[in-house]
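Here is my_file_13.cif, consisting of mmCIF, N, CA and C atoms:
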data_final
loop_
_atom_site.label_atom_id
_atom_site.label_comp_id
_atom_site.auth_asym_id
_atom_site.auth_seq_id
_atom_site.Cartn_x
_atom_site.Cartn_y
_atom_site.Cartn_z
N MET A 1 222.47 206.06 38.52
CA MET A 1 223.71 206.71 38.23
C MET A 1 223.98 207.85 39.21
N ALA A 2 222.94 208.54 39.61
CA ALA A 2 223.09 209.63 40.57
C ALA A 2 223.59 209.09 41.90
N THR A 3 223.18 207.87 42.27
CA THR A 3 223.65 207.31 43.54
C THR A 3 225.14 206.98 43.49
N ASN A 4 225.64 206.56 42.31
CA ASN A 4 227.07 206.30 42.18
C ASN A 4 227.88 207.58 42.33
N ILE A 5 227.41 208.67 41.77
CA ILE A 5 228.11 209.96 41.89
C ILE A 5 228.05 210.45 43.33
N GLU A 6 226.89 210.29 43.96
CA GLU A 6 226.75 210.71 45.35
C GLU A 6 227.67 209.88 46.26
N ARG A 7 227.74 208.58 45.98
CA ARG A 7 228.60 207.71 46.77
C ARG A 7 230.08 208.09 46.57
N PHE A 8 230.47 208.37 45.33
CA PHE A 8 231.84 208.78 45.04
C PHE A 8 232.18 210.10 45.74
N MET A 9 231.26 211.05 45.71
CA MET A 9 231.49 212.35 46.37
C MET A 9 231.60 212.17 47.89
N ALA A 10 230.79 211.31 48.47
CA ALA A 10 230.85 211.07 49.91
C ALA A 10 232.19 210.45 50.29
N ILE A 11 232.66 209.49 49.50
CA ILE A 11 233.96 208.88 49.76
C ILE A 11 235.07 209.91 49.59
N PHE A 12 234.97 210.72 48.55
CA PHE A 12 235.97 211.75 48.29
C PHE A 12 236.05 212.75 49.45
N ILE A 13 234.93 213.22 49.93
CA ILE A 13 234.89 214.15 51.06
C ILE A 13 235.44 213.48 52.32
N GLY A 14 235.11 212.22 52.55
CA GLY A 14 235.63 211.48 53.70
C GLY A 14 237.14 211.36 53.66
N VAL A 15 237.69 211.09 52.46
CA VAL A 15 239.15 210.97 52.32
C VAL A 15 239.80 212.32 52.59
N ILE A 16 239.20 213.40 52.11
CA ILE A 16 239.75 214.73 52.37
C ILE A 16 239.73 215.04 53.86
N MET A 17 238.66 214.69 54.54
CA MET A 17 238.55 214.94 55.97
C MET A 17 239.61 214.14 56.74
N LEU A 18 239.78 212.87 56.40
CA LEU A 18 240.80 212.06 57.06
C LEU A 18 242.20 212.58 56.77
N GLY A 19 242.41 213.03 55.54
CA GLY A 19 243.71 213.60 55.17
C GLY A 19 244.01 214.87 55.94
N SER A 20 243.00 215.70 56.15
CA SER A 20 243.23 216.94 56.90
C SER A 20 243.53 216.64 58.36
N VAL A 21 242.86 215.63 58.94
CA VAL A 21 243.15 215.23 60.32
C VAL A 21 244.58 214.70 60.41
N ALA A 22 244.98 213.87 59.47
CA ALA A 22 246.34 213.34 59.48
C ALA A 22 247.36 214.45 59.26
N GLY A 23 247.08 215.40 58.38
CA GLY A 23 247.98 216.52 58.14
C GLY A 23 248.14 217.40 59.37
N PHE A 24 247.03 217.67 60.05
CA PHE A 24 247.09 218.48 61.27
C PHE A 24 247.90 217.76 62.35
N ALA A 25 247.72 216.45 62.47
CA ALA A 25 248.47 215.68 63.46
C ALA A 25 249.97 215.71 63.12
N MET A 26 250.32 215.64 61.86
CA MET A 26 251.73 215.66 61.45
C MET A 26 252.35 217.03 61.74
N MET A 27 251.57 218.10 61.55
CA MET A 27 252.10 219.45 61.82
C MET A 27 252.28 219.67 63.32
N SER A 28 251.49 219.01 64.13
CA SER A 28 251.58 219.19 65.57
C SER A 28 252.78 218.49 66.17
N ILE A 29 253.31 217.50 65.49
CA ILE A 29 254.48 216.77 65.98
C ILE A 29 255.70 217.66 65.83
N ASN A 30 256.43 217.84 66.92
CA ASN A 30 257.65 218.64 66.89
C ASN A 30 258.80 217.73 66.48
N LEU A 31 259.29 217.90 65.27
CA LEU A 31 260.35 217.03 64.78
C LEU A 31 261.73 217.45 65.27
N GLN A 32 261.87 218.70 65.71
CA GLN A 32 263.15 219.17 66.21
C GLN A 32 263.20 218.92 67.72
N PRO A 33 264.30 218.39 68.20
CA PRO A 33 264.40 218.20 69.65
C PRO A 33 264.46 219.55 70.36
N ASP A 34 263.85 219.62 71.52
CA ASP A 34 263.88 220.86 72.30
C ASP A 34 265.31 221.14 72.73
N SER A 35 265.70 222.40 72.55
CA SER A 35 267.02 222.76 73.03
C SER A 35 266.96 222.81 74.56
N GLU A 36 267.93 222.22 75.17
CA GLU A 36 267.92 222.13 76.62
C GLU A 36 268.22 223.50 77.22
N ALA A 37 267.52 223.80 78.29
CA ALA A 37 267.75 225.05 78.99
C ALA A 37 269.12 225.00 79.66
N PRO A 38 269.85 226.09 79.58
CA PRO A 38 271.18 226.07 80.21
C PRO A 38 271.07 225.97 81.73
N GLU A 39 272.00 225.25 82.31
CA GLU A 39 272.07 225.13 83.77
C GLU A 39 272.87 226.31 84.30
N ILE A 40 272.19 227.24 84.92
CA ILE A 40 272.86 228.41 85.47
C ILE A 40 272.65 228.40 86.97
N PRO A 41 273.74 228.31 87.74
CA PRO A 41 273.60 228.27 89.19
C PRO A 41 273.18 229.64 89.74
N THR A 42 272.82 229.67 90.99
CA THR A 42 272.40 230.92 91.63
C THR A 42 273.55 231.91 91.72
N ILE A 43 274.76 231.41 91.97
CA ILE A 43 275.94 232.27 92.06
C ILE A 43 276.92 231.86 90.97
N VAL A 44 277.25 232.82 90.10
CA VAL A 44 278.13 232.57 88.96
C VAL A 44 279.39 233.41 89.15
N ASN A 45 280.54 232.78 89.11
CA ASN A 45 281.82 233.48 89.32
C ASN A 45 282.53 233.78 88.00
N ARG A 46 281.76 234.16 87.02
CA ARG A 46 282.29 234.54 85.71
C ARG A 46 281.28 235.47 85.06
N GLN A 47 281.66 236.09 83.97
CA GLN A 47 280.73 236.96 83.26
C GLN A 47 279.77 236.10 82.45
N LEU A 48 278.49 236.37 82.59
CA LEU A 48 277.48 235.64 81.84
C LEU A 48 277.49 236.07 80.38
N THR A 49 277.17 235.16 79.49
CA THR A 49 277.03 235.52 78.09
C THR A 49 275.72 236.27 77.92
N THR A 50 275.57 236.93 76.80
CA THR A 50 274.33 237.65 76.51
C THR A 50 273.15 236.69 76.48
N ASP A 51 273.34 235.52 75.87
CA ASP A 51 272.26 234.54 75.80
C ASP A 51 271.86 234.05 77.19
N GLU A 52 272.84 233.84 78.05
CA GLU A 52 272.52 233.39 79.42
C GLU A 52 271.76 234.47 80.18
N THR A 53 272.17 235.72 80.02
CA THR A 53 271.48 236.82 80.69
C THR A 53 270.05 236.93 80.19
N ILE A 54 269.86 236.84 78.90
CA ILE A 54 268.51 236.90 78.33
C ILE A 54 267.66 235.75 78.84
N TYR A 55 268.24 234.55 78.89
CA TYR A 55 267.50 233.39 79.39
C TYR A 55 267.06 233.61 80.84
N ILE A 56 267.97 234.12 81.68
CA ILE A 56 267.65 234.36 83.08
C ILE A 56 266.53 235.37 83.20
N LEU A 57 266.64 236.46 82.46
CA LEU A 57 265.61 237.51 82.54
C LEU A 57 264.27 237.02 82.02
N ARG A 58 264.27 236.15 81.03
CA ARG A 58 263.00 235.60 80.52
C ARG A 58 262.32 234.68 81.52
N THR A 59 263.09 234.12 82.43
CA THR A 59 262.48 233.27 83.46
C THR A 59 261.91 234.10 84.60
N GLY A 60 262.08 235.41 84.55
CA GLY A 60 261.53 236.28 85.57
C GLY A 60 262.49 236.60 86.71
N LYS A 61 263.71 236.12 86.61
CA LYS A 61 264.69 236.36 87.68
C LYS A 61 265.38 237.71 87.49
N VAL A 62 266.00 238.17 88.56
CA VAL A 62 266.80 239.39 88.55
C VAL A 62 268.27 238.98 88.50
N VAL A 63 269.04 239.67 87.67
CA VAL A 63 270.48 239.44 87.61
C VAL A 63 271.16 240.54 88.43
N ILE A 64 271.93 240.12 89.42
CA ILE A 64 272.74 241.07 90.19
C ILE A 64 274.17 240.96 89.66
N GLU A 65 274.63 242.03 89.02
CA GLU A 65 275.97 242.05 88.45
C GLU A 65 276.90 242.76 89.42
N ASN A 66 277.92 242.07 89.88
CA ASN A 66 278.88 242.63 90.80
C ASN A 66 280.28 242.44 90.21
N PHE A 67 280.76 243.45 89.49
CA PHE A 67 282.09 243.45 88.90
C PHE A 67 282.96 244.33 89.79
N TYR A 68 284.02 243.78 90.35
CA TYR A 68 284.83 244.53 91.30
C TYR A 68 286.31 244.21 91.09
N SER A 69 287.15 245.17 91.47
CA SER A 69 288.60 244.97 91.33
C SER A 69 289.13 244.20 92.53
N ILE A 70 290.25 243.60 92.35
CA ILE A 70 290.85 242.76 93.38
C ILE A 70 291.24 243.58 94.61
N ASP A 71 291.52 244.86 94.42
CA ASP A 71 291.93 245.71 95.55
C ASP A 71 290.76 246.45 96.21
N CYS A 72 289.56 246.04 95.94
CA CYS A 72 288.37 246.66 96.54
C CYS A 72 288.31 246.35 98.03
N ASN A 73 288.15 247.38 98.85
CA ASN A 73 288.15 247.21 100.30
C ASN A 73 286.82 246.68 100.84
N ASP A 74 285.72 247.16 100.30
CA ASP A 74 284.40 246.80 100.82
C ASP A 74 283.81 245.56 100.16
N CYS A 75 284.50 245.02 99.17
CA CYS A 75 283.89 243.98 98.34
C CYS A 75 283.74 242.64 99.07
N LEU A 76 284.63 242.31 99.96
CA LEU A 76 284.52 241.03 100.66
C LEU A 76 283.24 241.00 101.49
N GLU A 77 282.99 242.07 102.22
CA GLU A 77 281.77 242.15 103.03
C GLU A 77 280.54 242.16 102.14
N ARG A 78 280.60 242.92 101.04
CA ARG A 78 279.47 242.99 100.11
C ARG A 78 279.22 241.63 99.47
N ASN A 79 280.28 240.91 99.10
CA ASN A 79 280.12 239.58 98.50
C ASN A 79 279.45 238.60 99.45
N VAL A 80 279.83 238.63 100.70
CA VAL A 80 279.22 237.74 101.69
C VAL A 80 277.73 238.04 101.81
N MET A 81 277.40 239.34 101.87
CA MET A 81 276.00 239.74 101.98
C MET A 81 275.21 239.34 100.72
N LEU A 82 275.79 239.57 99.55
CA LEU A 82 275.11 239.22 98.30
C LEU A 82 274.94 237.71 98.15
N GLU A 83 275.93 236.94 98.56
CA GLU A 83 275.80 235.48 98.53
C GLU A 83 274.64 235.01 99.40
N ALA A 84 274.57 235.55 100.61
CA ALA A 84 273.48 235.18 101.52
C ALA A 84 272.14 235.57 100.92
N PHE A 85 272.07 236.75 100.32
CA PHE A 85 270.83 237.22 99.70
C PHE A 85 270.44 236.31 98.53
N ALA A 86 271.42 235.99 97.67
CA ALA A 86 271.14 235.15 96.50
C ALA A 86 270.70 233.75 96.93
N ASN A 87 271.32 233.21 97.96
CA ASN A 87 270.91 231.88 98.43
C ASN A 87 269.54 231.90 99.09
N GLN A 88 269.19 233.01 99.73
CA GLN A 88 267.87 233.12 100.35
C GLN A 88 266.78 233.23 99.28
N PHE A 89 267.06 233.91 98.18
CA PHE A 89 266.07 234.13 97.12
C PHE A 89 266.51 233.47 95.82
N LYS A 90 266.98 232.21 95.91
CA LYS A 90 267.56 231.54 94.74
C LYS A 90 266.56 231.31 93.61
N ASP A 91 265.27 231.32 93.89
CA ASP A 91 264.28 231.17 92.83
C ASP A 91 264.01 232.49 92.11
N PHE A 92 264.59 233.58 92.60
CA PHE A 92 264.31 234.90 92.05
C PHE A 92 265.55 235.67 91.58
N VAL A 93 266.74 235.17 91.91
CA VAL A 93 267.97 235.93 91.69
C VAL A 93 269.08 235.05 91.13
N VAL A 94 269.92 235.63 90.27
CA VAL A 94 271.20 235.04 89.89
C VAL A 94 272.25 236.11 90.16
N LEU A 95 273.25 235.75 90.95
CA LEU A 95 274.34 236.66 91.30
C LEU A 95 275.52 236.38 90.39
N GLU A 96 275.96 237.41 89.67
CA GLU A 96 277.11 237.32 88.76
C GLU A 96 278.26 238.08 89.40
N ARG A 97 279.28 237.35 89.86
CA ARG A 97 280.45 237.96 90.52
C ARG A 97 281.65 237.82 89.61
N VAL A 98 282.28 238.94 89.30
CA VAL A 98 283.42 238.93 88.40
C VAL A 98 284.51 239.85 88.95
N VAL A 99 285.72 239.34 89.05
CA VAL A 99 286.86 240.15 89.44
C VAL A 99 287.44 240.76 88.16
N VAL A 100 287.52 242.09 88.13
CA VAL A 100 288.05 242.79 86.95
C VAL A 100 289.43 243.32 87.26
N ASN A 101 290.19 243.63 86.22
CA ASN A 101 291.58 244.06 86.38
C ASN A 101 291.72 245.51 86.81
N GLN A 102 290.83 246.36 86.33
CA GLN A 102 290.97 247.79 86.59
C GLN A 102 289.79 248.30 87.41
N THR A 103 290.07 249.28 88.25
CA THR A 103 289.04 249.86 89.10
C THR A 103 287.94 250.52 88.28
N ASN A 104 288.28 251.13 87.14
CA ASN A 104 287.28 251.83 86.34
C ASN A 104 286.32 250.86 85.63
N GLN A 105 286.57 249.57 85.71
CA GLN A 105 285.66 248.58 85.14
C GLN A 105 284.67 248.05 86.17
N SER A 106 284.76 248.54 87.41
CA SER A 106 283.86 248.07 88.46
C SER A 106 282.43 248.47 88.14
N MET A 107 281.50 247.57 88.49
CA MET A 107 280.10 247.82 88.23
C MET A 107 279.28 247.01 89.22
N PHE A 108 278.25 247.62 89.76
CA PHE A 108 277.36 246.93 90.68
C PHE A 108 275.95 247.38 90.34
N GLN A 109 275.14 246.45 89.83
CA GLN A 109 273.80 246.81 89.40
C GLN A 109 272.88 245.59 89.44
N MET A 110 271.58 245.88 89.42
CA MET A 110 270.55 244.85 89.32
C MET A 110 269.80 245.07 88.02
N ILE A 111 269.53 243.96 87.33
CA ILE A 111 268.76 244.02 86.09
C ILE A 111 267.51 243.20 86.29
N GLY A 112 266.35 243.84 86.15
CA GLY A 112 265.08 243.15 86.30
C GLY A 112 264.62 242.56 84.99
N SER A 113 263.71 241.59 85.06
CA SER A 113 263.24 240.92 83.85
C SER A 113 262.43 241.85 82.96
N GLY A 114 261.95 242.96 83.50
CA GLY A 114 261.26 243.95 82.68
C GLY A 114 262.20 244.87 81.94
N GLY A 115 263.51 244.69 82.14
CA GLY A 115 264.51 245.49 81.46
C GLY A 115 265.01 246.65 82.28
N ARG A 116 264.47 246.84 83.47
CA ARG A 116 264.91 247.95 84.32
C ARG A 116 266.28 247.64 84.92
N ILE A 117 267.18 248.61 84.84
CA ILE A 117 268.52 248.47 85.40
C ILE A 117 268.66 249.48 86.54
N LEU A 118 269.02 248.99 87.69
CA LEU A 118 269.21 249.83 88.87
C LEU A 118 270.69 249.84 89.21
N LYS A 119 271.36 250.97 88.97
CA LYS A 119 272.79 251.11 89.25
C LYS A 119 272.96 251.29 90.76
N LEU A 120 273.84 250.50 91.35
CA LEU A 120 274.04 250.52 92.79
C LEU A 120 275.47 250.88 93.18
N ASP A 121 276.26 251.37 92.24
CA ASP A 121 277.68 251.66 92.50
C ASP A 121 277.86 252.63 93.67
N ASN A 122 277.06 253.66 93.73
CA ASN A 122 277.25 254.70 94.74
C ASN A 122 276.25 254.58 95.89
N GLN A 123 275.62 253.44 96.01
CA GLN A 123 274.63 253.22 97.07
C GLN A 123 275.28 252.49 98.24
N THR A 124 274.80 252.81 99.43
CA THR A 124 275.20 252.05 100.61
C THR A 124 274.34 250.80 100.66
N ILE A 125 274.98 249.67 100.64
CA ILE A 125 274.25 248.40 100.60
C ILE A 125 274.37 247.72 101.95
N ASN A 126 273.21 247.35 102.49
CA ASN A 126 273.20 246.57 103.72
C ASN A 126 272.04 245.58 103.64
N ASP A 127 271.90 244.76 104.65
CA ASP A 127 270.88 243.71 104.62
C ASP A 127 269.47 244.25 104.48
N SER A 128 269.22 245.42 105.05
CA SER A 128 267.85 245.94 105.02
C SER A 128 267.48 246.57 103.68
N ASN A 129 268.42 247.30 103.05
CA ASN A 129 268.02 247.98 101.81
C ASN A 129 268.24 247.16 100.55
N ILE A 130 269.01 246.07 100.60
CA ILE A 130 269.19 245.24 99.40
C ILE A 130 267.87 244.65 98.95
N LEU A 131 267.03 244.27 99.90
CA LEU A 131 265.70 243.74 99.57
C LEU A 131 264.85 244.82 98.91
N GLY A 132 264.94 246.04 99.41
CA GLY A 132 264.18 247.14 98.80
C GLY A 132 264.59 247.39 97.37
N PHE A 133 265.90 247.40 97.09
CA PHE A 133 266.38 247.58 95.72
C PHE A 133 265.91 246.43 94.84
N PHE A 134 265.99 245.22 95.37
CA PHE A 134 265.56 244.04 94.62
C PHE A 134 264.08 244.14 94.27
N CYS A 135 263.26 244.51 95.24
CA CYS A 135 261.81 244.58 95.01
C CYS A 135 261.45 245.66 94.00
N GLU A 136 262.30 246.69 93.86
CA GLU A 136 262.05 247.74 92.86
C GLU A 136 262.13 247.21 91.44
N VAL A 137 263.06 246.30 91.18
CA VAL A 137 263.29 245.85 89.80
C VAL A 137 262.64 244.50 89.48
N ALA A 138 262.30 243.73 90.51
CA ALA A 138 261.80 242.37 90.29
C ALA A 138 260.34 242.40 89.85
N ILE A 139 260.05 241.62 88.82
CA ILE A 139 258.66 241.43 88.42
C ILE A 139 258.08 240.24 89.18
N ALA A 140 258.80 239.12 89.16
CA ALA A 140 258.40 237.97 89.99
C ALA A 140 259.00 238.21 91.37
N GLN A 141 258.13 238.45 92.34
CA GLN A 141 258.61 238.86 93.65
C GLN A 141 258.29 237.82 94.72
N PRO A 142 259.22 237.65 95.66
CA PRO A 142 258.93 236.78 96.80
C PRO A 142 257.95 237.47 97.74
N ILE A 143 257.43 236.72 98.67
CA ILE A 143 256.43 237.26 99.60
C ILE A 143 257.00 238.39 100.43
N GLU A 144 258.31 238.39 100.67
CA GLU A 144 258.94 239.45 101.46
C GLU A 144 258.78 240.83 100.80
N CYS A 145 258.65 240.88 99.49
CA CYS A 145 258.44 242.16 98.80
C CYS A 145 256.99 242.63 98.92
N LEU A 146 256.09 241.71 99.15
CA LEU A 146 254.68 242.05 99.15
C LEU A 146 254.15 242.47 100.51
N ILE A 147 254.96 242.27 101.57
CA ILE A 147 254.49 242.68 102.90
C ILE A 147 255.18 243.93 103.37
#
Serialized structure, structure tokens:
Amino acid sequence: MATNIERFMAIFIGVIMLGSVAGFAMMSINLQPDSEAPEIPTIVNRQLTTDETIYILRTGKVVIENFYSIDCNDCLERNVMLEAFANQFKDFVVLERVVVNQTNQSMFQMIGSGGRILKLDNQTINDSNILGFFCEVAIAQPIECLI
């Protein structure tokens, strides 16, 4: 009789072990489809949504926000320079270019993935110092920042 009880207990423990393996496997299966990552180009000619900005920053990229009025004198030259910079470092930067209606809404800044915001409104921007500003805020940095 003791062997029947021992046999029953062994079968019972085996069933529990198999059930726990099956339960763990079921919990590991992701039943919800993965939400697709948004396709955000390197140069965006509209204002990014908050979710898009957060997504970009979570990927380690820097967001360069360039909001300028249509009557801005220096903006054409700055836009050409920023486009070239963004295309050169497309794995590290997203350029957000937005034409605003009023001059007081103009804004030029870099936002790093660590949350650091570098205001560039009153800075002289040229090819040599844009990389320096970028390297200040970027966490994921290209080799040009490291040399």
Practice item. Please provide as a PyMOL selection string all residues within 12 Å of Leu118 (chain A), with the sequence filter that same-chain residues fewer than 6 positions apart are discarded (counting only C-alpha atoms). Key: chain A and resi 62-65+107-112+130+132-138
Got time to write the residues from that selection, N, CA and C atoms, as a PDB file, in the frame of the given file?
ATOM      1  N   VAL A  62     266.000 238.170  88.560  1.00  0.00           N
ATOM      2  CA  VAL A  62     266.800 239.390  88.550  1.00  0.00           C
ATOM      3  C   VAL A  62     268.270 238.980  88.500  1.00  0.00           C
ATOM      4  N   VAL A  63     269.040 239.670  87.670  1.00  0.00           N
ATOM      5  CA  VAL A  63     270.480 239.440  87.610  1.00  0.00           C
ATOM      6  C   VAL A  63     271.160 240.540  88.430  1.00  0.00           C
ATOM      7  N   ILE A  64     271.930 240.120  89.420  1.00  0.00           N
ATOM      8  CA  ILE A  64     272.740 241.070  90.190  1.00  0.00           C
ATOM      9  C   ILE A  64     274.170 240.960  89.660  1.00  0.00           C
ATOM     10  N   GLU A  65     274.630 242.030  89.020  1.00  0.00           N
ATOM     11  CA  GLU A  65     275.970 242.050  88.450  1.00  0.00           C
ATOM     12  C   GLU A  65     276.900 242.760  89.420  1.00  0.00           C
ATOM     13  N   MET A 107     281.500 247.570  88.490  1.00  0.00           N
ATOM     14  CA  MET A 107     280.100 247.820  88.230  1.00  0.00           C
ATOM     15  C   MET A 107     279.280 247.010  89.220  1.00  0.00           C
ATOM     16  N   PHE A 108     278.250 247.620  89.760  1.00  0.00           N
ATOM     17  CA  PHE A 108     277.360 246.930  90.680  1.00  0.00           C
ATOM     18  C   PHE A 108     275.950 247.380  90.340  1.00  0.00           C
ATOM     19  N   GLN A 109     275.140 246.450  89.830  1.00  0.00           N
ATOM     20  CA  GLN A 109     273.800 246.810  89.400  1.00  0.00           C
ATOM     21  C   GLN A 109     272.880 245.590  89.440  1.00  0.00           C
ATOM     22  N   MET A 110     271.580 245.880  89.420  1.00  0.00           N
ATOM     23  CA  MET A 110     270.550 244.850  89.320  1.00  0.00           C
ATOM     24  C   MET A 110     269.800 245.070  88.020  1.00  0.00           C
ATOM     25  N   ILE A 111     269.530 243.960  87.330  1.00  0.00           N
ATOM     26  CA  ILE A 111     268.760 244.020  86.090  1.00  0.00           C
ATOM     27  C   ILE A 111     267.510 243.200  86.290  1.00  0.00           C
ATOM     28  N   GLY A 112     266.350 243.840  86.150  1.00  0.00           N
ATOM     29  CA  GLY A 112     265.080 243.150  86.300  1.00  0.00           C
ATOM     30  C   GLY A 112     264.620 242.560  84.990  1.00  0.00           C
ATOM     31  N   ILE A 130     269.010 246.070 100.600  1.00  0.00           N
ATOM     32  CA  ILE A 130     269.190 245.240  99.400  1.00  0.00           C
ATOM     33  C   ILE A 130     267.870 244.650  98.950  1.00  0.00           C
ATOM     34  N   GLY A 132     264.940 246.040  99.410  1.00  0.00           N
ATOM     35  CA  GLY A 132     264.180 247.140  98.800  1.00  0.00           C
ATOM     36  C   GLY A 132     264.590 247.390  97.370  1.00  0.00           C
ATOM     37  N   PHE A 133     265.900 247.400  97.090  1.00  0.00           N
ATOM     38  CA  PHE A 133     266.380 247.580  95.720  1.00  0.00           C
ATOM     39  C   PHE A 133     265.910 246.430  94.840  1.00  0.00           C
ATOM     40  N   PHE A 134     265.990 245.220  95.370  1.00  0.00           N
ATOM     41  CA  PHE A 134     265.560 244.040  94.620  1.00  0.00           C
ATOM     42  C   PHE A 134     264.080 244.140  94.270  1.00  0.00           C
ATOM     43  N   CYS A 135     263.260 244.510  95.240  1.00  0.00           N
ATOM     44  CA  CYS A 135     261.810 244.580  95.010  1.00  0.00           C
ATOM     45  C   CYS A 135     261.450 245.660  94.000  1.00  0.00           C
ATOM     46  N   GLU A 136     262.300 246.690  93.860  1.00  0.00           N
ATOM     47  CA  GLU A 136     262.050 247.740  92.860  1.00  0.00           C
ATOM     48  C   GLU A 136     262.130 247.210  91.440  1.00  0.00           C
ATOM     49  N   VAL A 137     263.060 246.300  91.180  1.00  0.00           N
ATOM     50  CA  VAL A 137     263.290 245.850  89.800  1.00  0.00           C
ATOM     51  C   VAL A 137     262.640 244.500  89.480  1.00  0.00           C
ATOM     52  N   ALA A 138     262.300 243.730  90.510  1.00  0.00           N
ATOM     53  CA  ALA A 138     261.800 242.370  90.290  1.00  0.00           C
ATOM     54  C   ALA A 138     260.340 242.400  89.850  1.00  0.00           C
TER      55      ALA A 138
END
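The set of residues that the PyMOL selection byres ((chain A and resi 92) around 6.5) takes from this file is Gly60, Lys61, Val62, Phe89, Lys90, Asp91, Val93, Val94 and Ala140 of chain A.
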Check your understanding: If you run DSSP on the backbone, which residues of chain A are helix (DSSP H, G or I), as an MDAnalysis selection string?
Key -> chainID A and resid 2:28 50:58 75:88 103:105 127:137 143:146
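With atom C of Gly19 (chain A) on one side and atom N of Ile5 (chain A) on the other, the separation reads 22.7 Å.
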Exercise for review: With a distance cut-off of 6 Å and all atoms listed in the file, select the neighbouring residues of Val100 (chain A), excluding the residue or stretch itself and same-chain residues fewer than 3 positions from it, and output the selection as a ChimeraX atom specification.
Suggested key: /A:67-70
